[in-house]
Amino acid sequence: MPNRIQSKPAIAPVFFVSRETPPFPLLANLTTLMTTIDPSKLIILDRDGVINIDSDNYIKSTEEWIPITGSIEAIADLYKNGFTICVATNQSGLGRKLFKQGALDAMHDKLINLVEKHGGKIHSIRYCPHTPEGQCQCRKPAAGMFWDIAEAFGLNDLKGAHTVGDSLRDLQAGSAANSSAVLVRTGKGEKTLASGKALPAGTLIFKDLREFADSMIRSPEHS
Ligand SMILES: [Mg+2]
Ligand SMILES: [Zn+2]
């Protein structure tokens, strides 16, 4: 029998953020499928270097997962202003066996809990657990996680949505699914700018997630 698994594109795992246990799993799936959204109210965030302080040695535990000043409040404020926030993050540390699934889940619980403490909500967290050698469809700059997000909201692509990242590959992945690119100077952001590599056309640049959030909330087209 041919090995079908190998020919299938790798799918990024999704950490669905829901505190309620749905009465019927099928109903929950249908609800997810039918969820639709104004794409201009959709924001896809990279994690390391955008929400939390990055490290070249990978972020491997909740102790190492430390929010960038103002980022949690920024996410909460975006939510309170009607934005839907998804996270799409490369986590090859999982594939490299630098940390376990439980540690990643705990880091994401920490993020979710902090945001909820500030009155916000994260819709979902997608992560690519693969190493570059895996040549999967989800590791940024590949756009698999972004197409998954579009599909989850019944959208053909992410035109009108914003992708926020500190690395060029974040912006390339988001742009491949037609979202607008936003570079923050936190994390690897300054390095990305200094590299001189071309950013996607029309890339907006902000000091940090807080400044981006303020701009989105103030923007007349979003009021
Ligand atoms: Mg990053
Ligand atoms: Zn992957």
# chains A, B, ... in the order shown; residues from 1 in each chain; ligands from 1
>>> residues_near_ligand(ligand="ligand 1", cutoff="7 Å", atoms="only C-alpha atoms and all ligand atoms", output="MDAnalysis selection string")
chainID A and resid 46:50 165:167 187:188
>>> select_by_dssp(residues="segment 3-221 of chain A", states="alpha helix (DSSP H)", output="VMD selection string")
chain A and resid 4 to 7 25 to 34 71 to 80 92 to 95 101 to 117 144 to 152 168 to 176 189 to 194 209 to 218
>>> write_last_selection(atoms="C-alpha atoms", output="mmCIF file, in the first residue's frame")
data_model
loop_
_atom_site.group_PDB
_atom_site.id
_atom_site.type_symbol
_atom_site.label_atom_id
_atom_site.label_comp_id
_atom_site.auth_asym_id
_atom_site.auth_seq_id
_atom_site.Cartn_x
_atom_site.Cartn_y
_atom_site.Cartn_z
ATOM 1 C CA ARG A 4 -0.322 8.334 1.761
ATOM 2 C CA ILE A 5 0.846 10.196 4.822
ATOM 3 C CA GLN A 6 4.036 11.275 3.093
ATOM 4 C CA SER A 7 2.353 12.722 0.050
ATOM 5 C CA PRO A 25 -17.889 18.005 19.253
ATOM 6 C CA LEU A 26 -19.618 17.971 15.855
ATOM 7 C CA LEU A 27 -21.516 21.133 16.697
ATOM 8 C CA ALA A 28 -18.278 22.816 17.706
ATOM 9 C CA ASN A 29 -16.727 21.826 14.390
ATOM 10 C CA LEU A 30 -19.701 23.161 12.455
ATOM 11 C CA THR A 31 -19.541 26.412 14.377
ATOM 12 C CA THR A 32 -15.858 26.697 13.528
ATOM 13 C CA LEU A 33 -16.541 25.998 9.877
ATOM 14 C CA MET A 34 -19.283 28.583 9.682
ATOM 15 C CA SER A 71 2.000 43.400 24.379
ATOM 16 C CA ILE A 72 -0.598 41.626 26.506
ATOM 17 C CA GLU A 73 -2.544 44.850 27.050
ATOM 18 C CA ALA A 74 -2.269 45.594 23.318
ATOM 19 C CA ILE A 75 -3.853 42.238 22.421
ATOM 20 C CA ALA A 76 -6.590 42.742 25.012
ATOM 21 C CA ASP A 77 -7.325 46.244 23.710
ATOM 22 C CA LEU A 78 -7.511 45.008 20.121
ATOM 23 C CA TYR A 79 -10.003 42.355 21.226
ATOM 24 C CA LYS A 80 -12.085 44.914 23.121
ATOM 25 C CA SER A 92 10.873 24.063 15.471
ATOM 26 C CA GLY A 93 12.226 23.651 19.013
ATOM 27 C CA LEU A 94 9.553 20.965 19.290
ATOM 28 C CA GLY A 95 10.912 19.103 16.257
ATOM 29 C CA GLN A 101 4.549 19.391 23.793
ATOM 30 C CA GLY A 102 3.485 19.935 27.417
ATOM 31 C CA ALA A 103 5.918 22.823 27.753
ATOM 32 C CA LEU A 104 4.591 24.464 24.585
ATOM 33 C CA ASP A 105 0.999 24.030 25.766
ATOM 34 C CA ALA A 106 1.940 25.548 29.128
ATOM 35 C CA MET A 107 3.516 28.573 27.411
ATOM 36 C CA HIS A 108 0.367 29.072 25.367
ATOM 37 C CA ASP A 109 -1.795 28.691 28.472
ATOM 38 C CA LYS A 110 0.293 31.416 30.080
ATOM 39 C CA LEU A 111 -0.276 33.699 27.088
ATOM 40 C CA ILE A 112 -4.010 32.970 26.976
ATOM 41 C CA ASN A 113 -4.445 33.476 30.709
ATOM 42 C CA LEU A 114 -2.550 36.757 30.732
ATOM 43 C CA VAL A 115 -4.641 38.102 27.847
ATOM 44 C CA GLU A 116 -7.870 36.973 29.519
ATOM 45 C CA LYS A 117 -6.791 38.607 32.779
ATOM 46 C CA GLY A 144 0.210 26.911 5.288
ATOM 47 C CA MET A 145 -0.857 28.292 8.655
ATOM 48 C CA PHE A 146 -2.194 31.434 6.977
ATOM 49 C CA TRP A 147 -4.265 29.512 4.449
ATOM 50 C CA ASP A 148 -5.579 27.431 7.350
ATOM 51 C CA ILE A 149 -6.681 30.607 9.112
ATOM 52 C CA ALA A 150 -8.384 31.893 5.958
ATOM 53 C CA GLU A 151 -10.196 28.593 5.580
ATOM 54 C CA ALA A 152 -11.240 28.549 9.233
ATOM 55 C CA LEU A 168 10.973 38.727 7.094
ATOM 56 C CA ARG A 169 9.617 35.186 6.856
ATOM 57 C CA ASP A 170 6.565 36.155 8.942
ATOM 58 C CA LEU A 171 5.727 38.921 6.507
ATOM 59 C CA GLN A 172 6.436 36.747 3.466
ATOM 60 C CA ALA A 173 4.130 34.031 4.770
ATOM 61 C CA GLY A 174 1.331 36.481 5.491
ATOM 62 C CA SER A 175 1.789 38.228 2.163
ATOM 63 C CA ALA A 176 1.610 34.940 0.287
ATOM 64 C CA GLY A 189 12.721 43.550 13.981
ATOM 65 C CA GLU A 190 15.688 45.930 13.955
ATOM 66 C CA LYS A 191 17.882 43.202 12.496
ATOM 67 C CA THR A 192 15.271 42.522 9.823
ATOM 68 C CA LEU A 193 15.243 46.212 8.873
ATOM 69 C CA ALA A 194 19.034 46.457 8.917
ATOM 70 C CA LEU A 209 2.779 45.644 19.199
ATOM 71 C CA ARG A 210 1.438 48.349 21.514
ATOM 72 C CA GLU A 211 2.041 51.058 18.910
ATOM 73 C CA PHE A 212 0.511 48.920 16.154
ATOM 74 C CA ALA A 213 -2.561 48.226 18.287
ATOM 75 C CA ASP A 214 -3.030 51.916 19.048
ATOM 76 C CA SER A 215 -2.839 52.701 15.345
ATOM 77 C CA MET A 216 -5.419 50.036 14.451
ATOM 78 C CA ILE A 217 -7.776 51.147 17.193
ATOM 79 C CA ARG A 218 -7.491 54.815 16.166
#
>>> residues_near_ligand(ligand="ligand 2", cutoff="7 Å", atoms="only C-alpha atoms and all ligand atoms", output="PyMOL selection string")
chain A and resi 10-12+128-130+136-139
>>> residues_around(residues="Asp38 of chain A", least_positions_apart="4", cutoff="9 Å", atoms="only C-alpha atoms", output="list in words")
Leu42, Gly160 and Ala161 of chain A
>>> closest_residue(among="A:Thr163, A:Asn178, A:Thr203, A:Asn57", to="Val87 of chain A", atoms="only C-alpha atoms")
A:Thr163
>>> atom_distance(atom1="atom CA of Phe15 of chain A", atom2="atom CA of Thr89 of chain A")
11.3 Å
>>> select_by_dssp(residues="segment 10-209 of chain A", states="strand (DSSP E or B)", output="ChimeraX atom specification")
/A:14-16,42-45,48,52,67,84-90,124-128,162-165,180-184,204-206
>>> decode(residues="segment 2-154 of chain A", atoms="C-alpha atoms", output="short mmCIF file (atom, residue, chain, number, x, y, z; two decimals), in the first residue's frame")
data_model
loop_
_atom_site.label_atom_id
_atom_site.label_comp_id
_atom_site.auth_asym_id
_atom_site.auth_seq_id
_atom_site.Cartn_x
_atom_site.Cartn_y
_atom_site.Cartn_z
CA PRO A 2 1.43 3.40 -0.89
CA ASN A 3 2.32 5.64 1.99
CA ARG A 4 -0.32 8.33 1.76
CA ILE A 5 0.85 10.20 4.82
CA GLN A 6 4.04 11.27 3.09
CA SER A 7 2.35 12.72 0.05
CA LYS A 8 -0.06 14.70 2.20
CA PRO A 9 1.03 18.23 3.11
CA ALA A 10 1.91 18.58 6.76
CA ILE A 11 -0.80 20.36 8.68
CA ALA A 12 0.03 22.77 11.46
CA PRO A 13 -1.48 21.83 14.79
CA VAL A 14 -4.01 24.27 16.15
CA PHE A 15 -4.44 25.16 19.77
CA PHE A 16 -8.08 26.20 19.93
CA VAL A 17 -8.74 28.59 22.69
CA SER A 18 -12.01 27.72 24.27
CA ARG A 19 -12.77 27.45 27.95
CA GLU A 20 -16.20 25.91 27.43
CA THR A 21 -16.62 22.27 26.68
CA PRO A 22 -18.95 22.12 23.68
CA PRO A 23 -22.00 19.88 24.17
CA PHE A 24 -21.25 18.00 20.97
CA PRO A 25 -17.89 18.01 19.25
CA LEU A 26 -19.62 17.97 15.85
CA LEU A 27 -21.52 21.13 16.70
CA ALA A 28 -18.28 22.82 17.71
CA ASN A 29 -16.73 21.83 14.39
CA LEU A 30 -19.70 23.16 12.45
CA THR A 31 -19.54 26.41 14.38
CA THR A 32 -15.86 26.70 13.53
CA LEU A 33 -16.54 26.00 9.88
CA MET A 34 -19.28 28.58 9.68
CA THR A 35 -17.41 31.29 11.56
CA THR A 36 -17.02 34.22 9.26
CA ILE A 37 -15.34 37.52 9.77
CA ASP A 38 -14.61 40.95 8.33
CA PRO A 39 -10.99 40.35 7.28
CA SER A 40 -10.05 43.94 8.16
CA LYS A 41 -10.76 42.96 11.77
CA LEU A 42 -8.46 39.97 11.64
CA ILE A 43 -4.90 40.15 12.97
CA ILE A 44 -2.38 37.34 12.80
CA LEU A 45 0.52 37.64 15.19
CA ASP A 46 3.89 36.00 15.26
CA ARG A 47 4.76 34.97 18.81
CA ASP A 48 8.46 35.22 19.69
CA GLY A 49 9.79 38.76 19.33
CA VAL A 50 6.27 40.17 18.85
CA ILE A 51 4.34 39.07 21.95
CA ASN A 52 7.16 37.75 24.12
CA ILE A 53 10.88 38.40 24.39
CA ASP A 54 12.79 36.23 21.91
CA SER A 55 16.00 34.31 22.46
CA ASP A 56 18.44 32.73 20.02
CA ASN A 57 18.39 29.73 22.36
CA TYR A 58 14.63 29.20 21.82
CA ILE A 59 11.91 29.83 24.34
CA LYS A 60 11.56 26.47 26.07
CA SER A 61 9.46 26.98 29.20
CA THR A 62 6.92 29.24 30.86
CA GLU A 63 9.79 30.72 32.89
CA GLU A 64 11.48 31.79 29.66
CA TRP A 65 8.20 33.00 28.17
CA ILE A 66 8.19 36.67 29.20
CA PRO A 67 5.84 39.18 27.55
CA ILE A 68 7.25 42.28 25.87
CA THR A 69 6.09 45.32 27.84
CA GLY A 70 2.62 46.35 26.72
CA SER A 71 2.00 43.40 24.38
CA ILE A 72 -0.60 41.63 26.51
CA GLU A 73 -2.54 44.85 27.05
CA ALA A 74 -2.27 45.59 23.32
CA ILE A 75 -3.85 42.24 22.42
CA ALA A 76 -6.59 42.74 25.01
CA ASP A 77 -7.33 46.24 23.71
CA LEU A 78 -7.51 45.01 20.12
CA TYR A 79 -10.00 42.36 21.23
CA LYS A 80 -12.08 44.91 23.12
CA ASN A 81 -12.20 46.98 19.92
CA GLY A 82 -13.66 44.15 17.89
CA PHE A 83 -10.55 42.57 16.45
CA THR A 84 -10.01 38.83 16.20
CA ILE A 85 -6.49 37.79 17.10
CA CYS A 86 -4.83 34.60 15.90
CA VAL A 87 -1.26 33.50 16.50
CA ALA A 88 0.87 31.67 13.91
CA THR A 89 4.31 30.67 15.13
CA ASN A 90 7.25 28.53 14.01
CA GLN A 91 8.17 26.27 16.92
CA SER A 92 10.87 24.06 15.47
CA GLY A 93 12.23 23.65 19.01
CA LEU A 94 9.55 20.97 19.29
CA GLY A 95 10.91 19.10 16.26
CA ARG A 96 14.45 19.63 17.53
CA LYS A 97 13.35 18.09 20.85
CA LEU A 98 14.45 21.16 22.81
CA PHE A 99 11.16 21.12 24.68
CA LYS A 100 8.11 18.90 24.93
CA GLN A 101 4.55 19.39 23.79
CA GLY A 102 3.48 19.93 27.42
CA ALA A 103 5.92 22.82 27.75
CA LEU A 104 4.59 24.46 24.59
CA ASP A 105 1.00 24.03 25.77
CA ALA A 106 1.94 25.55 29.13
CA MET A 107 3.52 28.57 27.41
CA HIS A 108 0.37 29.07 25.37
CA ASP A 109 -1.80 28.69 28.47
CA LYS A 110 0.29 31.42 30.08
CA LEU A 111 -0.28 33.70 27.09
CA ILE A 112 -4.01 32.97 26.98
CA ASN A 113 -4.45 33.48 30.71
CA LEU A 114 -2.55 36.76 30.73
CA VAL A 115 -4.64 38.10 27.85
CA GLU A 116 -7.87 36.97 29.52
CA LYS A 117 -6.79 38.61 32.78
CA HIS A 118 -6.71 41.86 30.83
CA GLY A 119 -10.16 41.25 29.37
CA GLY A 120 -9.02 40.02 25.97
CA LYS A 121 -9.16 36.80 24.03
CA ILE A 122 -6.99 34.98 21.53
CA HIS A 123 -9.02 33.11 18.93
CA SER A 124 -6.51 30.37 18.15
CA ILE A 125 -2.84 29.56 18.16
CA ARG A 126 -1.27 27.70 15.26
CA TYR A 127 2.27 26.45 15.41
CA CYS A 128 4.61 24.62 13.10
CA PRO A 129 6.50 21.97 15.09
CA HIS A 130 8.72 20.94 12.17
CA THR A 131 12.40 21.55 11.50
CA PRO A 132 13.45 23.23 8.21
CA GLU A 133 14.58 19.83 6.91
CA GLY A 134 10.97 18.63 7.10
CA GLN A 135 10.06 20.93 4.19
CA CYS A 136 6.52 21.15 5.50
CA GLN A 137 3.85 23.54 4.22
CA CYS A 138 3.44 25.31 7.55
CA ARG A 139 6.90 26.56 8.54
CA LYS A 140 7.09 30.26 7.69
CA PRO A 141 7.92 31.63 5.11
CA ALA A 142 5.57 28.91 3.80
CA ALA A 143 2.00 30.09 4.16
CA GLY A 144 0.21 26.91 5.29
CA MET A 145 -0.86 28.29 8.65
CA PHE A 146 -2.19 31.43 6.98
CA TRP A 147 -4.26 29.51 4.45
CA ASP A 148 -5.58 27.43 7.35
CA ILE A 149 -6.68 30.61 9.11
CA ALA A 150 -8.38 31.89 5.96
CA GLU A 151 -10.20 28.59 5.58
CA ALA A 152 -11.24 28.55 9.23
CA PHE A 153 -13.05 31.86 8.67
CA GLY A 154 -14.49 30.88 5.30
#
